[in-house]
$ cat my_file.txt   # compact mmCIF, C-alpha atoms and all ligand atoms
# COMPACT_ATOMS: atom_id res chain seq x y z
CA MET A 1 -42.75 -52.17 3.57
CA SER A 2 -39.87 -53.22 1.29
CA ASN A 3 -36.30 -53.20 2.60
CA LEU A 4 -35.34 -50.75 -0.09
CA TYR A 5 -38.18 -48.41 0.82
CA SER A 6 -37.21 -48.43 4.50
CA SER A 7 -33.56 -47.85 3.67
CA VAL A 8 -34.53 -44.83 1.54
CA GLU A 9 -36.68 -43.57 4.43
CA ASN A 10 -33.73 -44.00 6.80
CA LEU A 11 -31.55 -42.11 4.38
CA ARG A 12 -34.03 -39.23 4.37
CA LYS A 13 -34.04 -39.14 8.16
CA GLU A 14 -30.26 -39.26 8.25
CA TYR A 15 -30.17 -36.40 5.74
CA ARG A 16 -32.48 -34.27 7.91
CA ASP A 17 -30.19 -34.79 10.93
CA ILE A 18 -27.04 -34.08 8.94
CA PHE A 19 -28.70 -31.03 7.37
CA SER A 20 -29.39 -29.53 10.83
CA GLN A 21 -25.76 -30.09 11.83
CA SER A 22 -24.56 -28.45 8.61
CA VAL A 23 -26.82 -25.44 9.20
CA GLU A 24 -25.22 -24.98 12.64
CA GLU A 25 -21.77 -25.30 11.11
CA ILE A 26 -22.46 -22.60 8.51
CA ILE A 27 -24.08 -20.31 11.06
CA LYS A 28 -20.89 -20.54 13.14
CA LYS A 29 -18.78 -19.53 10.13
CA VAL A 30 -21.15 -16.64 9.33
CA GLU A 31 -21.09 -15.45 12.93
CA ALA A 32 -17.29 -15.63 13.02
CA LEU A 33 -17.29 -12.95 10.32
CA ARG A 34 -19.82 -10.71 12.05
CA PRO A 35 -18.41 -7.21 12.62
CA GLU A 36 -17.89 -6.33 16.27
CA LYS A 37 -20.99 -5.02 18.04
CA PHE A 38 -23.06 -5.30 14.86
CA GLU A 39 -26.47 -6.80 15.62
CA GLY A 40 -28.17 -7.09 12.23
CA ASP A 41 -29.36 -10.23 10.48
CA ILE A 42 -27.32 -11.63 7.60
CA PHE A 43 -30.41 -11.75 5.36
CA ASP A 44 -31.54 -8.14 5.94
CA GLU A 45 -31.03 -5.42 3.34
CA TYR A 46 -28.36 -2.85 4.21
CA PRO A 47 -27.27 0.34 2.42
CA LYS A 48 -24.29 0.13 0.05
CA GLU A 49 -20.93 0.64 1.75
CA SER A 50 -22.51 -0.05 5.16
CA ILE A 51 -21.06 -2.45 7.75
CA GLY A 52 -23.93 -4.86 7.13
CA ARG A 53 -23.27 -4.92 3.38
CA ARG A 54 -19.55 -5.56 3.94
CA TRP A 55 -20.39 -8.43 6.27
CA GLN A 56 -22.60 -9.92 3.58
CA ALA A 57 -19.78 -9.58 1.03
CA ASP A 58 -17.38 -11.35 3.43
CA VAL A 59 -19.92 -14.15 3.95
CA LEU A 60 -20.38 -14.62 0.19
CA ASP A 61 -16.62 -14.75 -0.22
CA MET A 62 -16.30 -17.32 2.56
CA LEU A 63 -19.07 -19.48 1.06
CA GLU A 64 -17.43 -19.38 -2.37
CA ASN A 65 -13.78 -19.68 -1.48
CA ASP A 66 -13.92 -21.71 1.68
CA VAL A 67 -17.03 -23.89 1.83
CA SER A 68 -17.76 -24.51 -1.88
CA LYS A 69 -14.14 -25.25 -2.77
CA GLU A 70 -13.84 -27.67 0.12
CA VAL A 71 -17.08 -29.40 -0.91
CA TYR A 72 -15.76 -29.75 -4.47
CA ARG A 73 -12.42 -31.11 -3.22
CA LYS A 74 -14.18 -33.71 -1.06
CA PHE A 75 -16.40 -34.82 -3.96
CA GLN A 76 -13.27 -35.36 -6.05
CA GLU A 77 -11.80 -37.48 -3.24
CA ILE A 78 -14.98 -39.55 -3.10
CA LEU A 79 -14.84 -40.19 -6.85
CA ALA A 80 -11.14 -41.08 -6.67
CA TYR A 81 -11.89 -43.54 -3.84
CA ARG A 82 -14.50 -45.18 -6.10
CA ASN A 83 -11.63 -46.44 -8.28
CA LYS A 84 -10.71 -48.87 -5.53
CA PHE A 85 -13.95 -50.76 -6.24
CA HIS A 86 -14.93 -52.64 -9.39
CA CYS A 87 -17.96 -53.47 -11.48
CA ALA A 88 -19.21 -56.97 -10.67
CA GLY A 89 -20.77 -57.32 -14.13
CA CYS A 90 -24.34 -57.91 -12.89
CA ALA A 91 -25.63 -55.75 -15.81
CA THR A 92 -28.48 -54.23 -13.78
CA CYS A 93 -27.48 -50.66 -14.70
CA CYS A 94 -27.50 -51.57 -18.42
CA ASN A 95 -30.81 -53.39 -18.07
CA LEU A 96 -32.62 -50.77 -16.06
CA ALA A 97 -31.95 -47.06 -16.29
CA CYS A 98 -34.57 -44.71 -14.84
CA SER A 99 -35.27 -41.11 -15.72
CA GLU A 100 -37.81 -38.51 -14.75
CA PHE A 101 -37.85 -37.59 -18.46
CA SER A 102 -39.83 -39.27 -21.21
CA PRO A 103 -38.06 -40.39 -24.42
CA GLU A 104 -39.39 -37.29 -26.23
CA GLU A 105 -38.18 -34.97 -23.48
CA LEU A 106 -34.75 -36.60 -23.46
CA LYS A 107 -34.53 -36.28 -27.24
CA LEU A 108 -35.36 -32.59 -27.00
CA LYS A 109 -32.78 -32.07 -24.25
CA ALA A 110 -30.19 -33.86 -26.39
CA GLU A 111 -31.03 -31.65 -29.38
CA ASN A 112 -30.59 -28.63 -27.13
CA GLY A 113 -27.04 -29.70 -26.28
CA ASP A 114 -27.49 -31.52 -22.95
CA ASN A 115 -24.48 -33.84 -22.95
CA PHE A 116 -25.90 -36.42 -20.52
CA ALA A 117 -29.16 -36.62 -22.50
CA LYS A 118 -27.19 -36.99 -25.75
CA GLN A 119 -25.31 -40.00 -24.40
CA PHE A 120 -28.42 -41.44 -22.77
CA VAL A 121 -30.53 -41.41 -25.94
CA SER A 122 -27.59 -42.81 -27.91
CA ILE A 123 -27.81 -46.09 -25.98
CA PHE A 124 -31.01 -46.50 -23.99
CA ILE A 125 -34.44 -47.31 -25.35
CA PRO A 126 -37.66 -47.30 -23.31
CA TYR A 127 -39.26 -50.42 -21.88
CA GLU A 128 -42.73 -51.09 -23.25
CA SER A 129 -44.15 -51.24 -19.72
CA LYS A 130 -43.29 -50.95 -16.06
CA GLU A 131 -43.90 -54.70 -15.72
CA GLU A 132 -40.96 -55.42 -18.00
CA ALA A 133 -38.73 -53.23 -15.85
CA ARG A 134 -40.08 -54.96 -12.73
CA LYS A 135 -38.62 -58.26 -13.93
CA ILE A 136 -35.12 -56.73 -13.78
CA TYR A 137 -35.21 -55.12 -10.34
CA PRO A 138 -38.53 -55.81 -8.57
CA GLU A 139 -37.45 -54.31 -5.24
CA TYR A 140 -36.67 -51.00 -6.89
CA ILE A 141 -40.00 -50.77 -8.69
CA GLN A 142 -41.80 -51.67 -5.46
CA MET A 143 -39.91 -48.94 -3.65
CA LEU A 144 -41.01 -46.37 -6.27
CA GLU A 145 -44.61 -47.49 -5.86
CA GLU A 146 -44.50 -47.35 -2.06
CA ASN A 147 -42.96 -43.92 -2.38
CA LYS A 148 -45.71 -42.90 -4.83
CA GLU A 149 -43.13 -41.83 -7.40
CA ASP A 150 -45.14 -42.13 -10.60
CA ASN A 151 -43.18 -39.83 -12.85
CA VAL A 152 -40.42 -42.29 -13.74
CA TYR A 153 -39.58 -43.72 -17.17
CA PHE A 154 -37.74 -47.03 -17.54
CA TYR A 155 -35.08 -47.74 -20.15
CA HIS A 156 -32.68 -50.48 -21.15
CA CYS A 157 -29.71 -50.82 -23.45
CA PRO A 158 -30.06 -53.08 -26.50
CA LYS A 159 -26.27 -53.40 -26.68
CA LEU A 160 -26.35 -55.77 -23.74
CA THR A 161 -25.95 -59.38 -24.85
CA GLU A 162 -27.85 -62.35 -23.41
CA ASP A 163 -24.81 -63.37 -21.38
CA LYS A 164 -24.78 -59.88 -19.81
CA ARG A 165 -21.86 -58.47 -21.76
CA CYS A 166 -21.60 -55.10 -23.46
CA SER A 167 -21.44 -55.76 -27.21
CA ASP A 168 -19.76 -52.39 -27.79
CA TYR A 169 -17.58 -52.20 -24.70
CA GLU A 170 -14.68 -50.29 -26.28
CA ASN A 171 -17.03 -47.57 -27.55
CA ARG A 172 -19.37 -47.38 -24.59
CA PRO A 173 -20.14 -43.74 -23.72
CA GLN A 174 -18.73 -41.89 -20.74
CA ILE A 175 -21.93 -42.25 -18.69
CA CYS A 176 -21.39 -46.04 -18.75
CA ARG A 177 -17.72 -45.68 -17.77
CA ASP A 178 -18.58 -43.32 -14.91
CA PHE A 179 -21.47 -45.28 -13.41
CA PRO A 180 -22.17 -44.84 -10.54
CA ASP A 181 -20.87 -41.29 -10.27
CA ASN A 182 -23.42 -40.27 -7.68
CA PRO A 183 -22.90 -42.01 -4.32
CA LEU A 184 -26.57 -41.41 -3.52
CA SER A 185 -27.76 -43.50 -6.48
CA ILE A 186 -29.80 -46.52 -5.50
CA LEU A 187 -27.65 -49.53 -6.34
CA PRO A 188 -28.70 -53.17 -6.42
CA LYS A 189 -27.20 -55.55 -3.86
CA SER A 190 -25.30 -57.19 -6.71
CA CYS A 191 -23.41 -53.99 -7.59
CA GLY A 192 -19.68 -54.01 -7.00
CA TYR A 193 -19.86 -50.34 -5.93
CA LYS A 194 -22.40 -50.96 -3.17
CA LYS A 195 -19.71 -51.02 -0.49
CA TRP A 196 -18.24 -47.75 -1.80
CA LYS A 197 -21.66 -46.13 -1.62
CA GLU A 198 -22.30 -47.35 1.93
CA GLU A 199 -18.91 -46.20 3.17
CA ILE A 200 -19.09 -42.69 1.82
CA GLU A 201 -22.84 -42.06 2.15
CA PRO A 202 -22.69 -40.00 5.38
CA VAL A 203 -19.99 -37.71 3.95
CA THR A 204 -21.93 -37.36 0.71
CA LEU A 205 -25.08 -36.41 2.60
CA MET A 206 -23.11 -33.81 4.51
CA LEU A 207 -21.69 -32.37 1.27
CA HIS A 208 -25.13 -32.25 -0.33
CA SER A 209 -26.54 -30.46 2.69
CA MET A 210 -23.69 -27.93 2.49
CA ILE A 211 -24.46 -27.27 -1.18
CA GLU A 212 -28.14 -26.73 -0.38
CA ILE A 213 -27.38 -24.33 2.47
CA VAL A 214 -24.77 -22.38 0.51
CA GLN A 215 -27.28 -22.02 -2.31
CA TYR A 216 -29.87 -20.67 0.13
CA TYR A 217 -27.46 -18.10 1.57
CA LYS A 218 -26.30 -17.03 -1.88
CA GLU A 219 -29.83 -16.60 -3.23
CA ASN A 220 -30.87 -14.53 -0.25
CA ILE A 221 -27.80 -12.30 -0.12
CA CYS A 222 -26.74 -11.94 -3.77
CA LYS A 223 -30.00 -10.15 -4.61
CA TYR A 224 -28.68 -7.07 -2.71
CA PHE A 225 -25.59 -6.95 -4.93
CA GLN A 226 -27.33 -6.95 -8.28
CA ASP A 227 -27.47 -3.23 -9.04
S1 LIG B 301 -23.39 -49.38 -23.92
FE1 LIG B 301 -22.64 -51.23 -22.91
S2 LIG B 301 -22.05 -50.54 -20.85
FE2 LIG B 301 -23.37 -48.95 -21.71
S3 LIG B 301 -25.44 -49.46 -21.02
FE3 LIG B 301 -25.15 -50.42 -23.02
S4 LIG B 301 -24.48 -52.49 -22.57
FE4 LIG B 301 -24.18 -51.27 -20.72
S1 LIG B 302 -25.00 -52.32 -11.36
FE1 LIG B 302 -22.87 -52.11 -10.63
S2 LIG B 302 -21.96 -54.18 -10.77
FE2 LIG B 302 -23.85 -54.19 -11.98
S3 LIG B 302 -23.14 -53.73 -14.06
FE3 LIG B 302 -23.72 -51.78 -13.15
S4 LIG B 302 -21.82 -50.96 -12.24
FE4 LIG B 302 -21.47 -53.15 -12.68

$ encode --input "my_file.txt" --output "structure tokens"
Amino acid sequence: MSNLYSSVENLRKEYRDIFSQSVEEIIKKVEALRPEKFEGDIFDEYPKESIGRRWQADVLDMLENDVSKEVYRKFQEILAYRNKFHCAGCATCCNLACSEFSPEELKLKAENGDNFAKQFVSIFIPYESKEEARKIYPEYIQMLEENKEDNVYFYHCPKLTEDKRCSDYENRPQICRDFPDNPLSILPKSCGYKKWKEEIEPVTLMLHSMIEIVQYYKENICKYFQD
């Protein structure tokens, strides 16, 4: 088993543990809003203007104005902290960009106004084969194979020079300037942001779990407020 594969597995396990803690945390907040002596379940349907419906409204408000705003604020802090680290110029992210979308799908998304796809197709072109991508970051390709992730397309940027410099540095798109903007991205050992990622990974996992749980609550409560 590759080191990268086992570290991704560990990350998944860590996420499961953190997710359970986050569920408990949210349940506590929901229960703190429970009306006195009311015994219903937060996900049940209650008549309009009933105590149960008001509780649900209070919970939605808390999720939106307390939890979600705090999650957003913490993500901003994480991104600001990233500025303390620097690109080491290894060029791996220019030489190997992965996407679950094929070139045709990305082109279509770009035509439909997807800003990320627009920038992506403006610089990256597909590798002819997985074997070419393997030469750039073999551990990563091995990890995908061990993980049975087949639906991945590999790209590279032709603006990268042989001495690993960006030939259009001043005009590089925002996605290049922001990389890595997701602390859960898999980064090569050579990446100057690796330490940033490792330091803030547990907090990021916690924030992601919060987003997932808030989404679940919203989906299962908002449906009663649609008419
Ligand atoms: S435009 Fe420059 S920075 Fe962006 S991927 Fe290409 S070589 Fe790298
Ligand atoms: S992988 Fe990291 S260190 Fe390497 S070029 Fe990209 S941002 Fe810079």

$ closest_residue --input "my_file.txt" --among "A:Gln56, A:Gln76, A:Thr204, A:Ser167" --to "Lys223 in chain A" --atoms "all atoms listed in the file"
A:Gln56

$ residues_around --input "my_file.txt" --residues "range 36-42 of chain A" --least-positions-apart "6" --cutoff "10 Å" --atoms "all atoms listed in the file" --output "PDB file with C-alpha atoms, keeping the file's coordinate frame"
ATOM      1  CA  ILE A  27     -24.080 -20.310  11.060  1.00  0.00           C
ATOM      2  CA  VAL A  30     -21.150 -16.640   9.330  1.00  0.00           C
ATOM      3  CA  ILE A  51     -21.060  -2.450   7.750  1.00  0.00           C
ATOM      4  CA  GLY A  52     -23.930  -4.860   7.130  1.00  0.00           C
ATOM      5  CA  ARG A  53     -23.270  -4.920   3.380  1.00  0.00           C
ATOM      6  CA  TRP A  55     -20.390  -8.430   6.270  1.00  0.00           C
ATOM      7  CA  GLN A  56     -22.600  -9.920   3.580  1.00  0.00           C
ATOM      8  CA  VAL A  59     -19.920 -14.150   3.950  1.00  0.00           C
ATOM      9  CA  TYR A 217     -27.460 -18.100   1.570  1.00  0.00           C
ATOM     10  CA  ASN A 220     -30.870 -14.530  -0.250  1.00  0.00           C
ATOM     11  CA  ILE A 221     -27.800 -12.300  -0.120  1.00  0.00           C
TER      12      ILE A 221
END

$ residues_near_ligand --input "my_file.txt" --ligand "ligand LIG 301 (chain B)" --cutoff "7 Å" --atoms "all atoms listed in the file" --output "CSV table (one decimal) with C-alpha atoms, in the coordinates of the input"
chain,number,residue,atom,x,y,z
A,91,ALA,CA,-25.6,-55.8,-15.8
A,93,CYS,CA,-27.5,-50.7,-14.7
A,94,CYS,CA,-27.5,-51.6,-18.4
A,123,ILE,CA,-27.8,-46.1,-26.0
A,124,PHE,CA,-31.0,-46.5,-24.0
A,157,CYS,CA,-29.7,-50.8,-23.4
A,158,PRO,CA,-30.1,-53.1,-26.5
A,159,LYS,CA,-26.3,-53.4,-26.7
A,160,LEU,CA,-26.4,-55.8,-23.7
A,165,ARG,CA,-21.9,-58.5,-21.8
A,166,CYS,CA,-21.6,-55.1,-23.5
A,167,SER,CA,-21.4,-55.8,-27.2
A,168,ASP,CA,-19.8,-52.4,-27.8
A,169,TYR,CA,-17.6,-52.2,-24.7
A,172,ARG,CA,-19.4,-47.4,-24.6
A,173,PRO,CA,-20.1,-43.7,-23.7
A,176,CYS,CA,-21.4,-46.0,-18.8

$ atom_distance --input "my_file.txt" --atom1 "CA of Gln21 in chain A" --atom2 "CA of Ile186 in chain A"
24.2 Å

$ residues_near_ligand --input "my_file.txt" --ligand "ligand LIG 302 (chain B)" --cutoff "7 Å" --atoms "only C-alpha atoms and all ligand atoms" --output "PDB file with C-alpha atoms, in the coordinates of the input"
ATOM      1  CA  CYS A  87     -17.960 -53.470 -11.480  1.00  0.00           C
ATOM      2  CA  ALA A  88     -19.210 -56.970 -10.670  1.00  0.00           C
ATOM      3  CA  GLY A  89     -20.770 -57.320 -14.130  1.00  0.00           C
ATOM      4  CA  CYS A  90     -24.340 -57.910 -12.890  1.00  0.00           C
ATOM      5  CA  ALA A  91     -25.630 -55.750 -15.810  1.00  0.00           C
ATOM      6  CA  THR A  92     -28.480 -54.230 -13.780  1.00  0.00           C
ATOM      7  CA  CYS A  93     -27.480 -50.660 -14.700  1.00  0.00           C
ATOM      8  CA  CYS A  94     -27.500 -51.570 -18.420  1.00  0.00           C
ATOM      9  CA  PHE A 179     -21.470 -45.280 -13.410  1.00  0.00           C
ATOM     10  CA  PRO A 180     -22.170 -44.840 -10.540  1.00  0.00           C
ATOM     11  CA  LEU A 187     -27.650 -49.530  -6.340  1.00  0.00           C
ATOM     12  CA  PRO A 188     -28.700 -53.170  -6.420  1.00  0.00           C
ATOM     13  CA  SER A 190     -25.300 -57.190  -6.710  1.00  0.00           C
ATOM     14  CA  CYS A 191     -23.410 -53.990  -7.590  1.00  0.00           C
ATOM     15  CA  GLY A 192     -19.680 -54.010  -7.000  1.00  0.00           C
ATOM     16  CA  TYR A 193     -19.860 -50.340  -5.930  1.00  0.00           C
TER      17      TYR A 193
END

$ residues_around --input "my_file.txt" --residues "range 63-70 of chain A" --least-positions-apart "2" --cutoff "12 Å" --atoms "all atoms listed in the file" --output "PyMOL selection string"
chain A and resi 22+25-27+29-30+33+56-61+72-77+206-219+221-222

$ write_last_selection --input "my_file.txt" --atoms "C-alpha atoms" --output "PDB file, keeping the file's coordinate frame"
ATOM      1  CA  SER A  22     -24.560 -28.450   8.610  1.00  0.00           C
ATOM      2  CA  GLU A  25     -21.770 -25.300  11.110  1.00  0.00           C
ATOM      3  CA  ILE A  26     -22.460 -22.600   8.510  1.00  0.00           C
ATOM      4  CA  ILE A  27     -24.080 -20.310  11.060  1.00  0.00           C
ATOM      5  CA  LYS A  29     -18.780 -19.530  10.130  1.00  0.00           C
ATOM      6  CA  VAL A  30     -21.150 -16.640   9.330  1.00  0.00           C
ATOM      7  CA  LEU A  33     -17.290 -12.950  10.320  1.00  0.00           C
ATOM      8  CA  GLN A  56     -22.600  -9.920   3.580  1.00  0.00           C
ATOM      9  CA  ALA A  57     -19.780  -9.580   1.030  1.00  0.00           C
ATOM     10  CA  ASP A  58     -17.380 -11.350   3.430  1.00  0.00           C
ATOM     11  CA  VAL A  59     -19.920 -14.150   3.950  1.00  0.00           C
ATOM     12  CA  LEU A  60     -20.380 -14.620   0.190  1.00  0.00           C
ATOM     13  CA  ASP A  61     -16.620 -14.750  -0.220  1.00  0.00           C
ATOM     14  CA  TYR A  72     -15.760 -29.750  -4.470  1.00  0.00           C
ATOM     15  CA  ARG A  73     -12.420 -31.110  -3.220  1.00  0.00           C
ATOM     16  CA  LYS A  74     -14.180 -33.710  -1.060  1.00  0.00           C
ATOM     17  CA  PHE A  75     -16.400 -34.820  -3.960  1.00  0.00           C
ATOM     18  CA  GLN A  76     -13.270 -35.360  -6.050  1.00  0.00           C
ATOM     19  CA  GLU A  77     -11.800 -37.480  -3.240  1.00  0.00           C
ATOM     20  CA  MET A 206     -23.110 -33.810   4.510  1.00  0.00           C
ATOM     21  CA  LEU A 207     -21.690 -32.370   1.270  1.00  0.00           C
ATOM     22  CA  HIS A 208     -25.130 -32.250  -0.330  1.00  0.00           C
ATOM     23  CA  SER A 209     -26.540 -30.460   2.690  1.00  0.00           C
ATOM     24  CA  MET A 210     -23.690 -27.930   2.490  1.00  0.00           C
ATOM     25  CA  ILE A 211     -24.460 -27.270  -1.180  1.00  0.00           C
ATOM     26  CA  GLU A 212     -28.140 -26.730  -0.380  1.00  0.00           C
ATOM     27  CA  ILE A 213     -27.380 -24.330   2.470  1.00  0.00           C
ATOM     28  CA  VAL A 214     -24.770 -22.380   0.510  1.00  0.00           C
ATOM     29  CA  GLN A 215     -27.280 -22.020  -2.310  1.00  0.00           C
ATOM     30  CA  TYR A 216     -29.870 -20.670   0.130  1.00  0.00           C
ATOM     31  CA  TYR A 217     -27.460 -18.100   1.570  1.00  0.00           C
ATOM     32  CA  LYS A 218     -26.300 -17.030  -1.880  1.00  0.00           C
ATOM     33  CA  GLU A 219     -29.830 -16.600  -3.230  1.00  0.00           C
ATOM     34  CA  ILE A 221     -27.800 -12.300  -0.120  1.00  0.00           C
ATOM     35  CA  CYS A 222     -26.740 -11.940  -3.770  1.00  0.00           C
TER      36      CYS A 222
END

$ atom_distance --input "my_file.txt" --atom1 "CA of Tyr15 in chain A" --atom2 "CA of Asn147 in chain A"
16.9 Å

$ atom_distance --input "my_file.txt" --atom1 "CA of Pro47 in chain A" --atom2 "CA of Phe225 in chain A"
10.5 Å

$ residues_around --input "my_file.txt" --residues "Ser102 in chain A" --least-positions-apart "6" --cutoff "10 Å" --atoms "only C-alpha atoms" --output "VMD selection string"
chain A and resid 108 126 151 to 155

$ residues_around --input "my_file.txt" --residues "range 197-201 of chain A" --least-positions-apart "4" --cutoff "7 Å" --atoms "only C-alpha atoms" --output "JSON list (two decimals) with C-alpha atoms, keeping the file's coordinate frame"
[["chain", "number", "residue", "atom", "x", "y", "z"],
["A", 183, "PRO", "CA", -22.90, -42.01, -4.32],
["A", 184, "LEU", "CA", -26.57, -41.41, -3.52],
["A", 193, "TYR", "CA", -19.86, -50.34, -5.93],
["A", 205, "LEU", "CA", -25.08, -36.41, 2.60]]

$ closest_residue --input "my_file.txt" --among "A:Arg82, A:Val8, A:Val23, A:Ile18" --to "Lys194 in chain A" --atoms "all atoms listed in the file"
A:Arg82

$ closest_residue --input "my_file.txt" --among "A:Lys195, A:Val121, A:Phe116, A:Lys130" --to "Glu104 in chain A" --atoms "all atoms listed in the file"
A:Val121

$ closest_residue --input "my_file.txt" --among "A:Gln226, A:Glu31, A:Ile175, A:Leu11" --to "Asn115 in chain A" --atoms "all atoms listed in the file"
A:Ile175

$ axis_aligned_box --input "my_file.txt" --around "range 43-47 of chain A" --padding-each-side "4 Å" --output "lines of an AutoDock Vina configuration file"
center_x = -29.4
center_y = -5.7
center_z = 4.2
size_x = 12.3
size_y = 20.1
size_z = 11.5

$ decode --input "my_file.txt" --residues "range 190-205 of chain A" --atoms "N, CA and C atoms" --output "short mmCIF file (atom, residue, chain, number, x, y, z; two decimals), in the first residue's frame"
data_model
loop_
_atom_site.label_atom_id
_atom_site.label_comp_id
_atom_site.auth_asym_id
_atom_site.auth_seq_id
_atom_site.Cartn_x
_atom_site.Cartn_y
_atom_site.Cartn_z
N SER A 190 6.99 18.04 -2.15
CA SER A 190 7.81 19.19 -2.54
C SER A 190 7.06 20.53 -2.42
N CYS A 191 5.77 20.49 -2.13
CA CYS A 191 4.99 21.73 -2.14
C CYS A 191 5.27 22.59 -0.90
N GLY A 192 5.48 23.85 -1.14
CA GLY A 192 5.76 24.78 -0.05
C GLY A 192 4.56 25.00 0.87
N TYR A 193 3.38 24.54 0.46
CA TYR A 193 2.18 24.72 1.29
C TYR A 193 1.82 23.46 2.07
N LYS A 194 2.70 22.45 1.97
CA LYS A 194 2.42 21.17 2.63
C LYS A 194 2.26 21.36 4.15
N LYS A 195 3.13 22.19 4.72
CA LYS A 195 3.11 22.39 6.16
C LYS A 195 1.81 23.10 6.57
N TRP A 196 1.41 24.06 5.75
CA TRP A 196 0.13 24.76 6.00
C TRP A 196 -1.01 23.75 6.04
N LYS A 197 -1.04 22.91 5.03
CA LYS A 197 -2.10 21.90 4.93
C LYS A 197 -2.12 21.00 6.17
N GLU A 198 -0.92 20.52 6.56
CA GLU A 198 -0.87 19.60 7.70
C GLU A 198 -1.33 20.27 8.99
N GLU A 199 -0.92 21.53 9.14
CA GLU A 199 -1.29 22.25 10.38
C GLU A 199 -2.78 22.47 10.51
N ILE A 200 -3.43 22.81 9.39
CA ILE A 200 -4.84 23.21 9.52
C ILE A 200 -5.82 22.10 9.11
N GLU A 201 -5.28 20.93 8.78
CA GLU A 201 -6.15 19.84 8.33
C GLU A 201 -7.25 19.46 9.33
N PRO A 202 -6.92 19.28 10.62
CA PRO A 202 -8.00 18.89 11.55
C PRO A 202 -9.12 19.92 11.62
N VAL A 203 -8.75 21.21 11.63
CA VAL A 203 -9.79 22.25 11.68
C VAL A 203 -10.61 22.22 10.40
N THR A 204 -9.93 22.03 9.27
CA THR A 204 -10.65 22.00 7.99
C THR A 204 -11.63 20.83 7.95
N LEU A 205 -11.20 19.68 8.46
CA LEU A 205 -12.10 18.52 8.49
C LEU A 205 -13.33 18.84 9.34
#
